[in-house]
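Trainee: Input: one structure, supplied below.
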Amino acid sequence: MDFGQATPAPSGANIYDVSEADFMAKVIDASQETPVIVDFWAPWCGPCKTLGPALEAAVTAAGGKVKMAKINVDENQGIAGQMRVQSIPTVFAFYQGKPVDGFQGALPKSEIDAFVTKIADLNEEDGGLADAIEAAEAMLAEGELDDALETFTAILEEDPNAVAAFAGLAKCHVAKGDLDAAEAVLNGAPADVATSAAIETVQAQIALAREAENAGPVDELRAKVAADPADMAAKLELATALHGTGDVAGAVDVLLDAVRADRDWNEAAAKTQLFKIFDALAPNDKVALDGRRKLSSILFA
């Protein structure tokens, strides 16, 4: 393994190092105004030494329309684990507090430039679509599902590549309990949209909802776990049932307890289920943030 020289520290207001301590401020909060590209790298990573400078050059050329945060995975294993970074280099793009795109591995300069341009353009005027998406999201959050569905549909008529609208429309169908319709929406998304982080979030929500359809009654499962705290299968089914009722925090607590009891049971099934729940939540969701922190404490204790 090559432990060559570390990448030089970035300079300037638009390119900076980030740690676990300031990830929320410098990535999630900062992306509310300007898109932020997050580069997960390490000093020993050969491809990182090519990708990092190329990204920095493209971000600099964007003239402030996009920022770049660099995270050394050796020094920030917790956040790398929380973001499920399995290999480096890995790049995520955040906008308005949410992951909107990303890729793994090194890319040719032309593709890097195109990626940065695409992310930077998120900050451009869009004829009011961003406001419409925000309004539709608010309708969805307030349970006004028909109005939200109609608004997301209208947005897609204006912009057939609007990732947030595809994700929002699918979430409307999930909230209505029509999982087949939600999957149909995602299946109809263009290829470059279908691989976005927002779409993957909804896919995780659909998968969890499918699982909940087959879970037993919550009270019976609670009694089963209470009678035999070592019954890992019952714990996982209880977590699935709780999530299906909307008790996401309760589901996470049950799964964290299962990881504490036996993290390796059934090929780390409890940890896998936790990541599925985290993937279905927004990165800045309190349940996700608290759950990821507690999981890291258990795994790295």
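In the structure tokens, chains take the letters A, B, ... in the order shown, each chain's residues start at 1, and ligands count up from 1 in the order shown.
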Which polymer residues have any atom within 9 Å of an atom of Lys171 of chain A, counting only C-alpha atoms, with same-chain residues fewer than 2 positions away left out, as a PyMOL selection string?
Mentor: chain A and resi 140+149+166-169+173-176+182+202+205-206
Trainee: Where does DSSP see strand (DSSP E or B) in segment 42-237 of chain A, if you list the residues as a PyMOL selection string?
Mentor: chain A and resi 67-72+90-95+98-104
Trainee: DSSP on the backbone: which residues in segment 216-284 of chain A end up as alpha helix (DSSP H)? Give the answer as a PyMOL selection string.
Mentor: chain A and resi 218-227+232-244+248-261+265-279
Trainee: Could you give me, as a list in words, the residues within 8 Å of segment 47-49 of chain A, counting only C-alpha atoms and dropping anything in the same chain fewer than 6 positions from it?
Mentor: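 Within the cut-off, the hits are Thr7, Trp41, Ile88, Pro89, Gly105 and Ala106 of chain A.
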Trainee: Take the residues just selected and output them with N, CA and C atoms as an mmCIF file, in the first residue's frame.
Mentor:
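Produced file again-v2.cif, reproduced below:
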data_model
loop_
_atom_site.group_PDB
_atom_site.id
_atom_site.type_symbol
_atom_site.label_atom_id
_atom_site.label_comp_id
_atom_site.auth_asym_id
_atom_site.auth_seq_id
_atom_site.Cartn_x
_atom_site.Cartn_y
_atom_site.Cartn_z
ATOM 1 N N THR A 7 -2.380 14.770 0.334
ATOM 2 C CA THR A 7 -2.809 15.850 -0.535
ATOM 3 C C THR A 7 -2.656 17.169 0.202
ATOM 4 N N TRP A 41 -11.345 10.967 0.798
ATOM 5 C CA TRP A 41 -10.034 10.595 0.296
ATOM 6 C C TRP A 41 -9.154 10.103 1.453
ATOM 7 N N ILE A 88 -12.617 4.299 -1.748
ATOM 8 C CA ILE A 88 -12.276 5.686 -2.089
ATOM 9 C C ILE A 88 -11.433 5.696 -3.364
ATOM 10 N N PRO A 89 -11.519 6.824 -4.084
ATOM 11 C CA PRO A 89 -12.288 8.016 -3.756
ATOM 12 C C PRO A 89 -13.790 7.814 -3.940
ATOM 13 N N GLY A 105 -14.719 6.171 -7.390
ATOM 14 C CA GLY A 105 -13.598 5.943 -8.287
ATOM 15 C C GLY A 105 -13.191 7.195 -9.052
ATOM 16 N N ALA A 106 -12.066 7.100 -9.729
ATOM 17 C CA ALA A 106 -11.557 8.217 -10.514
ATOM 18 C C ALA A 106 -12.313 8.326 -11.832
#
Trainee: Nearest residue to Lys65 of chain A out of A:Asp192, A:Asp113, A:Glu33, A:Asp159, using only C-alpha atoms?
Mentor: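 Of the candidates, the smallest distance to Lys65 of chain A is held by A:Glu33.
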Trainee: May I ask which of the residues A:Leu238, A:Val66, A:Ile199, A:Ala61 is the closest one to Gly216 of chain A, counting only C-alpha atoms?
Mentor: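 Using only C-alpha atoms, the shortest distance to Gly216 of chain A belongs to A:Leu238.
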Trainee: Report the distance between atom CA of Ala42 of chain A and atom CA of Asp101 of chain A in Å, rounded to one decimal place.
Mentor: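 These atoms are spaced 21.0 Å apart.
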Trainee: So, counting only C-alpha atoms, which residue among A:Asp131, A:Val38, A:Gly78, A:Ala197 is closest to Val100 of chain A?
Mentor: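 Among the listed residues, A:Ala197 lies closest to Val100 of chain A.
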Trainee: Give me the residues within 9 Å of Leu299 of chain A as a list of chain:residue names, counting only C-alpha atoms and dropping any in the same chain fewer than 4 places off.
Mentor: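 My reading of the contact set: A:Val259, A:Arg260, A:Arg263, A:Lys294, A:Leu295.
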Trainee: Expressed in Å to a single decimal, how great is the separation between atom CA of Ser31 of chain A and atom CA of Phe94 of chain A?
Mentor: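 Interatomic distance, atom CA of Ser31 of chain A to atom CA of Phe94 of chain A: 6.0 Å.
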Trainee: Hey, can you check how far atom CA of Thr195 of chain A sits from atom CA of Phe278 of chain A?
Mentor: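 Computing the Euclidean distance for atom CA of Thr195 of chain A and atom CA of Phe278 of chain A yields 17.6 Å.
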